[in-house]
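Asks: My structure file data-v8.csv, CSV, C-alpha atoms, is below:
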chain,number,residue,atom,x,y,z
K,1,MET,CA,123.2,-36.1,19.8
K,2,GLU,CA,123.9,-32.9,21.7
K,3,LYS,CA,127.6,-33.7,21.9
K,4,GLU,CA,127.7,-34.2,18.1
K,5,ILE,CA,126.0,-30.9,17.6
K,6,HIS,CA,128.5,-29.1,19.9
K,7,LYS,CA,131.4,-30.8,18.1
K,8,ARG,CA,130.0,-29.6,14.8
K,9,HIS,CA,129.8,-26.0,16.2
K,10,TYR,CA,133.5,-26.1,17.2
K,11,LEU,CA,134.4,-27.3,13.7
K,12,ILE,CA,132.3,-24.8,11.9
K,13,SER,CA,133.7,-22.0,14.0
K,14,VAL,CA,137.3,-22.9,13.2
K,15,ILE,CA,136.6,-23.5,9.5
K,16,LEU,CA,134.7,-20.2,9.1
K,17,VAL,CA,137.3,-18.0,10.9
K,18,CYS,CA,140.1,-19.7,8.9
K,19,GLY,CA,138.1,-19.3,5.7
K,20,VAL,CA,137.6,-15.6,6.1
K,21,ALA,CA,141.2,-15.1,7.0
K,22,ALA,CA,142.4,-17.1,4.0
K,23,THR,CA,140.1,-15.1,1.7
K,24,CYS,CA,141.4,-11.8,3.0
K,25,PHE,CA,145.1,-12.7,3.1
K,26,PRO,CA,145.8,-12.1,-0.7
K,27,PHE,CA,144.2,-8.7,-0.5
K,28,THR,CA,145.8,-7.4,2.7
K,29,GLU,CA,147.8,-4.7,0.9
K,30,TRP,CA,144.7,-3.2,-0.7
K,31,ILE,CA,142.2,-3.4,2.2
K,32,GLY,CA,144.6,-3.1,5.1
K,33,TYR,CA,145.0,-5.3,8.1
K,34,HIS,CA,142.6,-3.1,10.2
K,35,SER,CA,139.8,-3.9,7.7
K,36,VAL,CA,140.6,-7.6,8.1
K,37,ALA,CA,140.1,-7.2,11.9
K,38,LEU,CA,136.6,-5.8,11.3
K,39,LEU,CA,135.7,-8.7,8.9
K,40,LEU,CA,136.9,-11.3,11.5
K,41,LEU,CA,135.0,-9.5,14.2
K,42,LEU,CA,131.9,-9.6,12.0
K,43,THR,CA,132.4,-13.4,11.6
K,44,VAL,CA,132.7,-13.9,15.4
K,45,SER,CA,129.5,-11.9,15.9
K,46,ILE,CA,127.6,-14.0,13.3
K,47,LEU,CA,128.8,-17.2,15.0
K,48,ALA,CA,127.6,-15.8,18.4
K,49,MET,CA,124.1,-15.4,17.0
K,50,ARG,CA,123.9,-19.1,16.2
K,51,PHE,CA,126.2,-21.1,18.4
K,52,SER,CA,126.8,-21.7,22.2
K,53,LEU,CA,129.3,-19.7,24.2
K,54,TYR,CA,132.4,-21.9,24.1
K,55,PRO,CA,132.6,-22.3,20.3
K,56,VAL,CA,132.3,-18.5,20.0
K,57,LEU,CA,135.1,-18.0,22.6
K,58,LEU,CA,137.2,-20.3,20.5
K,59,ALA,CA,136.4,-18.4,17.4
K,60,ALA,CA,137.3,-15.1,19.1
K,61,THR,CA,140.6,-16.4,20.4
K,62,LEU,CA,141.5,-18.0,17.1
K,63,SER,CA,140.7,-14.9,15.1
K,64,ALA,CA,142.9,-12.8,17.3
K,65,LEU,CA,145.8,-15.1,17.0
K,66,ILE,CA,145.4,-15.5,13.2
K,67,TRP,CA,145.1,-11.7,12.8
K,68,ASP,CA,148.3,-11.2,14.8
K,69,PHE,CA,150.3,-13.9,13.1
K,70,PHE,CA,149.3,-13.4,9.5
K,71,PHE,CA,148.2,-9.7,9.2
K,72,ILE,CA,150.0,-7.5,11.7
K,73,PRO,CA,153.6,-6.6,10.8
K,74,PRO,CA,156.1,-8.3,11.2
K,75,TYR,CA,154.2,-11.1,9.5
K,76,PHE,CA,154.3,-14.8,10.6
K,77,THR,CA,155.3,-14.0,14.2
K,78,PHE,CA,153.4,-13.2,17.3
K,79,ILE,CA,155.6,-10.1,17.8
K,80,VAL,CA,153.8,-6.8,17.6
K,81,SER,CA,156.3,-3.9,17.0
K,82,SER,CA,153.9,-1.0,17.2
K,83,GLN,CA,152.4,0.1,20.5
K,84,GLU,CA,149.3,1.2,18.6
K,85,ASP,CA,149.0,-2.3,17.1
K,86,VAL,CA,149.4,-3.8,20.6
K,87,LEU,CA,146.6,-1.7,21.9
K,88,PHE,CA,144.5,-2.5,18.8
K,89,LEU,CA,145.1,-6.2,19.2
K,90,ILE,CA,144.1,-6.1,22.9
K,91,MET,CA,141.0,-4.1,22.0
K,92,TYR,CA,140.2,-6.5,19.2
K,93,PHE,CA,140.4,-9.5,21.5
K,94,ALA,CA,138.3,-7.8,24.2
K,95,VAL,CA,135.7,-6.6,21.7
K,96,ALA,CA,135.5,-10.1,20.0
K,97,LEU,CA,135.1,-11.8,23.4
K,98,LEU,CA,132.5,-9.2,24.6
K,99,SER,CA,130.6,-9.4,21.3
K,100,GLY,CA,130.5,-13.2,21.5
K,101,VAL,CA,129.3,-13.2,25.1
K,102,PHE,CA,126.8,-10.4,24.6
K,103,ASN,CA,125.2,-12.1,21.6
K,104,TYR,CA,125.1,-15.4,23.4
K,105,LYS,CA,123.5,-13.8,26.5
K,106,LEU,CA,121.0,-12.0,24.2
K,107,ARG,CA,120.0,-15.3,22.6
K,108,GLN,CA,119.7,-16.9,26.0
K,109,PHE,CA,117.4,-14.0,27.1
K,110,GLU,CA,115.3,-14.4,24.0
K,111,HIS,CA,115.0,-18.1,24.6
K,112,VAL,CA,113.9,-17.6,28.2
K,113,GLN,CA,111.3,-15.0,26.9
K,114,ARG,CA,110.0,-17.5,24.4
K,115,GLN,CA,109.8,-20.2,27.0
K,116,LYS,CA,108.0,-17.8,29.3
K,117,GLU,CA,105.5,-16.9,26.5
K,118,GLU,CA,105.0,-20.6,25.6
K,119,ARG,CA,104.4,-21.4,29.3
K,120,GLU,CA,101.9,-18.6,29.7
K,121,THR,CA,100.1,-19.8,26.5
K,122,ALA,CA,100.2,-23.4,27.8
K,123,ILE,CA,98.8,-22.2,31.2
K,124,LYS,CA,96.0,-20.2,29.4
K,125,LEU,CA,95.1,-23.2,27.3
K,126,TYR,CA,95.2,-25.5,30.3
K,127,ASN,CA,92.9,-23.2,32.3
K,128,THR,CA,90.6,-23.0,29.3
K,129,LEU,CA,90.5,-26.8,29.0
K,130,PHE,CA,90.2,-27.3,32.7
K,131,ASN,CA,87.3,-24.8,33.1
K,132,SER,CA,85.5,-26.4,30.1
K,133,LEU,CA,86.1,-30.0,31.4
K,134,SER,CA,85.2,-29.1,35.0
K,135,HIS,CA,81.7,-28.2,33.6
K,136,GLU,CA,81.4,-30.7,30.7
K,137,LEU,CA,82.5,-33.7,32.8
K,138,ARG,CA,81.1,-32.7,36.1
K,139,THR,CA,77.6,-32.2,34.9
K,140,PRO,CA,77.0,-35.7,33.4
K,141,ILE,CA,78.8,-37.3,36.3
K,142,ALA,CA,76.6,-35.4,38.8
K,143,THR,CA,73.6,-36.5,36.8
K,144,ILE,CA,74.6,-40.1,36.8
K,145,LEU,CA,75.4,-40.1,40.5
K,146,GLY,CA,72.2,-38.3,41.4
K,147,ALA,CA,70.0,-40.5,39.4
K,148,THR,CA,71.8,-43.6,40.6
K,149,ASP,CA,71.4,-42.6,44.3
K,150,THR,CA,67.7,-41.8,43.7
K,151,LEU,CA,67.2,-45.3,42.2
K,152,GLN,CA,69.0,-47.0,45.0
K,153,GLU,CA,67.5,-45.1,47.9
K,154,ASN,CA,63.9,-44.9,46.6
K,155,GLU,CA,63.5,-48.0,44.6
K,156,ASP,CA,60.3,-49.1,46.3
K,157,LYS,CA,58.7,-45.6,46.1
K,158,LEU,CA,59.4,-44.9,42.5
K,159,SER,CA,56.9,-45.7,39.8
K,160,LYS,CA,57.9,-47.5,36.6
K,161,ASN,CA,57.8,-44.2,34.7
K,162,ASN,CA,60.0,-42.5,37.3
K,163,LYS,CA,62.6,-45.3,37.0
K,164,GLN,CA,62.4,-45.1,33.2
K,165,GLU,CA,63.0,-41.4,33.3
K,166,LEU,CA,66.0,-41.7,35.6
K,167,THR,CA,67.4,-44.5,33.5
K,168,THR,CA,67.1,-42.3,30.4
K,169,GLU,CA,68.9,-39.4,32.2
K,170,ILE,CA,71.7,-41.8,33.2
K,171,SER,CA,72.0,-42.9,29.5
K,172,LYS,CA,72.0,-39.3,28.2
K,173,ALA,CA,74.7,-38.3,30.7
K,174,ALA,CA,76.8,-41.4,30.0
K,175,LEU,CA,76.6,-40.6,26.2
K,176,ARG,CA,77.6,-37.0,26.9
K,177,LEU,CA,80.5,-38.1,29.1
K,178,ASN,CA,81.6,-40.5,26.4
K,179,GLU,CA,81.5,-37.8,23.7
K,180,GLN,CA,83.8,-35.5,25.7
K,181,LEU,CA,86.3,-38.3,26.4
K,182,GLU,CA,86.2,-39.3,22.7
K,183,ASN,CA,87.0,-35.6,21.8
K,184,LEU,CA,89.9,-35.6,24.2
K,185,LEU,CA,91.3,-38.9,22.9
K,186,ASN,CA,90.9,-37.7,19.3
K,187,THR,CA,92.7,-34.5,20.1
K,188,SER,CA,95.5,-36.4,21.6
K,189,ARG,CA,95.7,-38.6,18.4
K,190,LEU,CA,95.8,-35.5,16.2
K,191,GLU,CA,98.6,-33.8,18.1
K,192,SER,CA,100.7,-37.0,18.4
K,193,GLY,CA,100.6,-37.3,14.6
K,194,PHE,CA,99.7,-41.0,14.8
K,195,ILE,CA,96.6,-40.8,12.6
K,196,LYS,CA,97.0,-42.8,9.4
K,197,PRO,CA,93.8,-43.1,7.4
K,198,ASN,CA,92.7,-46.7,6.8
K,199,LEU,CA,91.3,-46.3,3.2
K,200,GLU,CA,88.6,-48.8,2.3
K,201,TRP,CA,85.6,-48.9,-0.1
K,202,CYS,CA,82.6,-47.3,1.5
K,203,ASP,CA,79.0,-46.5,0.7
K,204,ALA,CA,78.4,-42.8,1.3
K,205,ASN,CA,74.7,-43.5,2.0
K,206,GLU,CA,75.7,-46.0,4.6
K,207,LEU,CA,78.1,-43.5,6.2
K,208,ILE,CA,75.5,-40.8,6.5
K,209,TYR,CA,72.7,-43.0,7.8
K,210,SER,CA,75.0,-44.8,10.2
K,211,THR,CA,75.9,-41.3,11.6
K,212,LEU,CA,72.2,-40.3,11.8
K,213,ASN,CA,71.4,-43.6,13.6
K,214,THR,CA,74.1,-42.8,16.2
K,215,LEU,CA,72.7,-39.3,16.7
K,216,GLN,CA,69.0,-40.4,16.8
K,217,LYS,CA,68.4,-39.1,20.3
K,218,LYS,CA,70.0,-35.7,19.6
K,219,LEU,CA,68.0,-35.3,16.3
K,220,GLU,CA,64.6,-36.0,17.8
K,221,LYS,CA,63.7,-32.3,17.8
K,222,HIS,CA,65.2,-31.4,14.4
K,223,GLU,CA,64.1,-32.2,10.9
K,224,VAL,CA,66.8,-33.9,8.9
K,225,VAL,CA,66.9,-33.8,5.1
K,226,VAL,CA,69.3,-36.1,3.3
K,227,GLU,CA,70.1,-35.6,-0.4
K,228,VAL,CA,72.2,-38.5,-1.7
K,229,SER,CA,71.8,-40.0,-5.2
K,230,ASP,CA,70.9,-43.6,-5.3
K,231,ASP,CA,73.6,-44.2,-7.9
K,232,LEU,CA,76.4,-42.6,-5.9
K,233,PRO,CA,79.5,-44.9,-6.4
K,234,LEU,CA,81.5,-46.5,-3.7
K,235,VAL,CA,84.4,-44.3,-2.6
K,236,ARG,CA,87.7,-45.0,-0.9
K,237,LEU,CA,88.0,-43.3,2.5
K,238,ASP,CA,88.4,-43.9,6.2
K,239,PHE,CA,84.9,-44.8,7.4
K,240,GLY,CA,85.7,-44.3,11.1
K,241,LEU,CA,87.3,-40.9,10.7
K,242,MET,CA,84.5,-39.7,8.4
K,243,GLU,CA,81.8,-40.9,10.7
K,244,GLN,CA,83.4,-39.0,13.6
K,245,VAL,CA,83.6,-35.9,11.3
K,246,LEU,CA,79.9,-36.1,10.5
K,247,ILE,CA,79.0,-36.8,14.1
K,248,ASN,CA,80.8,-33.7,15.3
K,249,LEU,CA,79.3,-31.5,12.6
K,250,ILE,CA,75.8,-32.7,13.0
K,251,SER,CA,76.0,-32.5,16.8
K,252,ASN,CA,77.3,-29.0,16.5
K,253,ALA,CA,74.3,-28.1,14.3
K,254,THR,CA,71.9,-29.4,17.0
K,255,LYS,CA,73.6,-27.3,19.6
K,256,TYR,CA,73.5,-24.0,17.7
K,257,THR,CA,70.1,-24.3,16.1
K,258,PRO,CA,66.7,-24.0,17.8
K,259,PRO,CA,64.4,-27.1,18.0
K,260,MET,CA,62.3,-28.0,15.0
K,261,THR,CA,64.8,-26.3,12.6
K,262,GLU,CA,66.1,-28.2,9.6
K,263,ILE,CA,69.5,-29.8,9.2
K,264,SER,CA,70.3,-30.9,5.6
K,265,ILE,CA,73.0,-33.3,4.4
K,266,ARG,CA,74.0,-33.6,0.8
K,267,ALA,CA,76.6,-35.8,-0.8
K,268,TYR,CA,77.8,-36.2,-4.4
K,269,VAL,CA,80.9,-37.0,-6.4
K,270,ASN,CA,82.6,-34.6,-8.8
K,271,LYS,CA,85.6,-35.3,-11.1
K,272,GLU,CA,88.5,-33.3,-9.6
K,273,HIS,CA,90.8,-33.0,-12.5
K,274,GLU,CA,92.4,-35.0,-15.3
K,275,GLY,CA,95.0,-37.2,-13.6
K,276,SER,CA,95.4,-40.6,-12.1
K,277,TRP,CA,96.4,-42.5,-9.0
K,278,PHE,CA,98.4,-45.6,-9.6
K,279,ASP,CA,96.6,-48.8,-8.7
K,280,ALA,CA,98.2,-52.3,-8.7
K,281,ASP,CA,95.9,-53.4,-11.5
K,282,ARG,CA,94.7,-50.2,-13.2
K,283,GLN,CA,94.8,-46.5,-13.1
K,284,THR,CA,91.9,-44.7,-11.4
K,285,ASP,CA,90.8,-41.1,-12.1
K,286,THR,CA,90.8,-38.8,-9.1
K,287,TYR,CA,87.4,-37.6,-7.9
K,288,LEU,CA,86.1,-35.5,-5.1
K,289,LEU,CA,83.5,-36.7,-2.6
K,290,LYS,CA,81.7,-33.6,-1.6
K,291,ILE,CA,79.6,-33.6,1.6
K,292,GLU,CA,77.6,-30.5,2.6
K,293,ILE,CA,76.0,-30.0,6.0
K,294,ALA,CA,73.7,-27.0,6.4
K,295,ASP,CA,71.4,-25.7,9.1
K,296,ASN,CA,69.0,-22.7,9.3
K,297,GLY,CA,70.2,-21.4,12.6
K,298,ARG,CA,71.4,-17.9,13.3
K,299,GLY,CA,74.8,-18.4,11.7
K,300,ILE,CA,78.3,-17.5,12.8
K,301,PRO,CA,79.5,-13.9,13.4
K,302,GLU,CA,81.7,-12.9,10.4
K,303,ASP,CA,84.6,-11.9,12.7
K,304,GLU,CA,84.7,-15.4,14.3
K,305,ILE,CA,84.5,-17.6,11.2
K,306,GLU,CA,88.3,-17.7,10.7
K,307,PHE,CA,88.7,-19.1,14.3
K,308,ILE,CA,86.0,-21.6,14.2
K,309,PHE,CA,88.3,-24.6,13.7
K,310,ASN,CA,90.9,-23.5,16.3
K,311,LYS,CA,91.4,-25.8,19.3
K,312,PHE,CA,89.4,-24.8,22.4
K,313,TYR,CA,87.6,-22.0,20.5
K,314,ARG,CA,83.9,-21.5,21.3
K,315,LEU,CA,81.6,-18.9,19.9
K,316,LYS,CA,81.2,-15.8,22.0
K,317,ASN,CA,77.9,-15.0,23.7
K,318,THR,CA,76.7,-18.6,23.5
K,319,GLN,CA,75.4,-20.8,26.3
K,320,THR,CA,75.9,-24.2,24.6
K,321,GLY,CA,79.0,-25.2,26.6
K,322,GLY,CA,81.5,-27.6,25.1
K,323,THR,CA,85.3,-27.8,25.2
K,324,GLY,CA,85.8,-26.2,21.8
K,325,LEU,CA,87.4,-29.4,20.4
K,326,GLY,CA,84.7,-30.8,18.1
K,327,LEU,CA,85.5,-28.7,15.0
K,328,PHE,CA,89.2,-28.8,15.6
K,329,ILE,CA,88.9,-32.6,15.4
K,330,VAL,CA,86.8,-32.3,12.3
K,331,LYS,CA,89.4,-30.3,10.4
K,332,GLY,CA,92.2,-32.6,11.6
K,333,PHE,CA,90.4,-35.8,10.5
K,334,VAL,CA,89.5,-34.3,7.1
K,335,GLU,CA,93.0,-33.1,6.4
K,336,ALA,CA,94.4,-36.4,7.5
K,337,GLN,CA,92.7,-37.9,4.4
K,338,GLY,CA,94.0,-35.1,2.1
K,339,GLY,CA,90.7,-33.2,2.2
K,340,THR,CA,89.6,-29.7,3.0
K,341,ILE,CA,86.7,-28.2,4.9
K,342,LYS,CA,85.2,-24.8,4.6
K,343,VAL,CA,82.5,-23.0,6.5
K,344,MET,CA,80.3,-20.1,5.4
K,345,ASN,CA,77.1,-18.3,6.4
K,346,LYS,CA,74.3,-19.1,4.0
K,347,PRO,CA,72.8,-16.1,2.1
K,348,ASP,CA,69.4,-16.6,3.7
K,349,LYS,CA,69.9,-18.1,7.2
K,350,GLY,CA,72.2,-20.6,8.8
K,351,VAL,CA,75.6,-22.2,8.3
K,352,LEU,CA,77.0,-24.4,5.5
K,353,PHE,CA,80.0,-26.7,6.0
K,354,VAL,CA,81.5,-28.1,2.8
K,355,ILE,CA,83.9,-31.1,2.9
K,356,ASP,CA,86.0,-32.1,-0.1
K,357,ILE,CA,87.7,-35.5,0.1
K,358,PRO,CA,89.9,-36.7,-2.8
K,359,THR,CA,89.0,-40.3,-3.5
K,360,GLU,CA,88.9,-43.1,-6.0
K,361,ILE,CA,85.6,-44.7,-7.1
K,362,LEU,CA,84.6,-48.1,-8.4
K,363,PRO,CA,84.0,-48.0,-12.1
K,364,GLN,CA,80.2,-47.6,-12.4
K,365,MET,CA,77.7,-44.9,-13.2
K,366,ILE,CA,78.6,-41.6,-11.6
K,367,HIS,CA,76.1,-38.9,-10.6
K,368,HIS,CA,77.7,-35.6,-11.6
K,369,GLU,CA,76.7,-32.3,-10.1
Spit out the file's structure as structure tokens when you get a sec.

Replies:
Amino acid sequence: MEKEIHKRHYLISVILVCGVAATCFPFTEWIGYHSVALLLLLTVSILAMRFSLYPVLLAATLSALIWDFFFIPPYFTFIVSSQEDVLFLIMYFAVALLSGVFNYKLRQFEHVQRQKEERETAIKLYNTLFNSLSHELRTPIATILGATDTLQENEDKLSKNNKQELTTEISKAALRLNEQLENLLNTSRLESGFIKPNLEWCDANELIYSTLNTLQKKLEKHEVVVEVSDDLPLVRLDFGLMEQVLINLISNATKYTPPMTEISIRAYVNKEHEGSWFDADRQTDTYLLKIEIADNGRGIPEDEIEFIFNKFYRLKNTQTGGTGLGLFIVKGFVEAQGGTIKVMNKPDKGVLFVIDIPTEILPQMIHHE
């Protein structure tokens, strides 16, 4: 592939130099052959800004020969009668070569600088991820190892309640470890571009309550309010992706809100616009499944809202830990289904996340909002 690109660079260099010379040739008497030299020199400089060194050197050499043969009197020979023209030709050739080499070296320098900046950014991200993971993975692993050792070494001395408590700690730590690994795997899927939504008919009620059941332990100290109409129609979306979206958002709410505070979940369908998606048997209007998740915590600082979905980003001055991948995954999974997600502080207190997913619905009664 690279050889083909280099061949194309040589060809383009020759064609461009010859094209400029051919364009100038009929007007030589009016513009003068010295002006032609400047135009050819400009052409070589432009090529040097885009191509590798050897095609540029070819363009510089070819332009000097063409300028001598076609434009310097006597025409159509390589003889230069005037000493001034000999000096000018030598200077032209030297300047063309130096210009090409200089521009090429400049591009190389810029490329090295970009690589250096990208490497520094990658190192910074790596350190951020490593520091986060060293805590987020080490803590549950240490808990599992410690509880396991206690169970093994003191099995006869521990009461039934003590054993139950240790087993519960192991379970919580394992779930936390699994959550972090899931986030890493999902981040890898997003960045690889391999996510293709598996659209199927889903019940939004089932989606929400399945998520709440998964997060039952985390939600023990929070009040959850669900507002979903009983006549909400079936919608087409990727159940697995949306469940992970809701898990991350609700888990996030439990981290950033005090115990005994409220987390509300609301879902409804709105008609998006007059239009249609083609279906094999019929045409179906386009609707929006809207899911709103709100809490009454302390909210997000206004100067941090725009960064909240960035990879590895964590709110400043918080002690909740985490790798900063949860909301990045949420945004990626929502957008993979053609949807959007917005976040805003509520007027009274807390944060509101609004998800809009374009979807089809089964033809039945629709609850409009």

Asks: How many Å separate CA of Ala174 in chain K from CA of His222 in chain K?

Replies: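 Separation between CA of Ala174 in chain K and CA of His222 in chain K: 21.9 Å.
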
Asks: Leaving out range 341-345 of chain K and any residue of its chain fewer than 5 positions from it, which residues lie within 10 Å of it when counting only C-alpha atoms, given as a PyMOL selection string?

Replies: chain K and resi 290-302+305-306+308-309+330-332+334-335+350-357

Asks: Which residue gives the smallest distance to Leu289 in chain K among K:Ile46, K:Ile72, K:Leu237, K:Leu98, with only C-alpha atoms counted?

Replies: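 Closest residue, counting only C-alpha atoms: K:Leu237.
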
Asks: When you draw a straight line from CA of Phe78 in chain K to CA of Tyr104 in chain K, how long is it in Å?

Replies: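 Between CA of Phe78 in chain K and CA of Tyr104 in chain K the gap is 29.0 Å.
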
Asks: Taking (133.4, -16.2, 14.4) as a centre in this file's frame and 7 Å as the limit, can you find every polymer residue with an atom that close, using only C-alpha atoms, and give them as a ChimeraX atom specification?

Replies: /K:13,16-17,40-41,43-47,56,59-60

Asks: Counting only C-alpha atoms, figure out which residue out of K:Leu362, K:Val228, K:Ala48, K:Ala147 gets nearest to Cys202 in chain K.

Replies: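 Between K:Leu362, K:Val228, K:Ala48, K:Ala147, the residue approaching Cys202 in chain K most closely is K:Leu362.
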
Asks: Please indicate the distance in Å from CA of Ile144 in chain K to CA of Ala173 in chain K, rounded to one decimal place.

Replies: 6.4 Å

Asks: With distances taken over all atoms listed in the file, which of K:Glu360, K:Asp230, K:Asp348, K:Glu155 is nearest to Asn270 in chain K?

Replies: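 For Asn270 in chain K, the nearest of the given residues is K:Glu360.
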
Asks: Restricting the calculation to only C-alpha atoms, which member of K:Leu249, K:Ala142, K:Met260, K:Ala96 is positioned closest to Leu177 in chain K?

Replies: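 The answer is K:Ala142, which sits nearest to Leu177 in chain K.
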
Asks: Counting all atoms listed in the file, which residue out of K:Thr211, K:Asp231, K:Tyr256, K:Leu190 sits closest to Phe328 in chain K?

Replies: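 Result for the nearest residue to Phe328 in chain K: K:Leu190.
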
Asks: Counting only C-alpha atoms, figure out which residue out of K:Phe27, K:Leu38, K:Val269, K:His9 gets nearest to Tyr54 in chain K.

Replies: K:His9

Asks: Compute the distance from (133.5, -25.6, 20.5) to each atom, counting all atoms listed in the file, keep the residues with any atom at most 7 Å away, and return them as a list in words; use the coordinates of the file.

Replies: His6, Lys7, His9, Tyr10, Tyr54, Pro55 and Leu58 of chain K

Asks: List the spatial neighbours of Trp67 in chain K as a list of chain:residue names - criterion: any atom at most 9 Å away, all atoms listed in the file, same-chain residues fewer than 5 positions off excluded.

Replies: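 Those residues are K:Ala21, K:Tyr33, K:Val36, K:Ala37, K:Leu40, K:Leu62, K:Ile72, K:Leu89.
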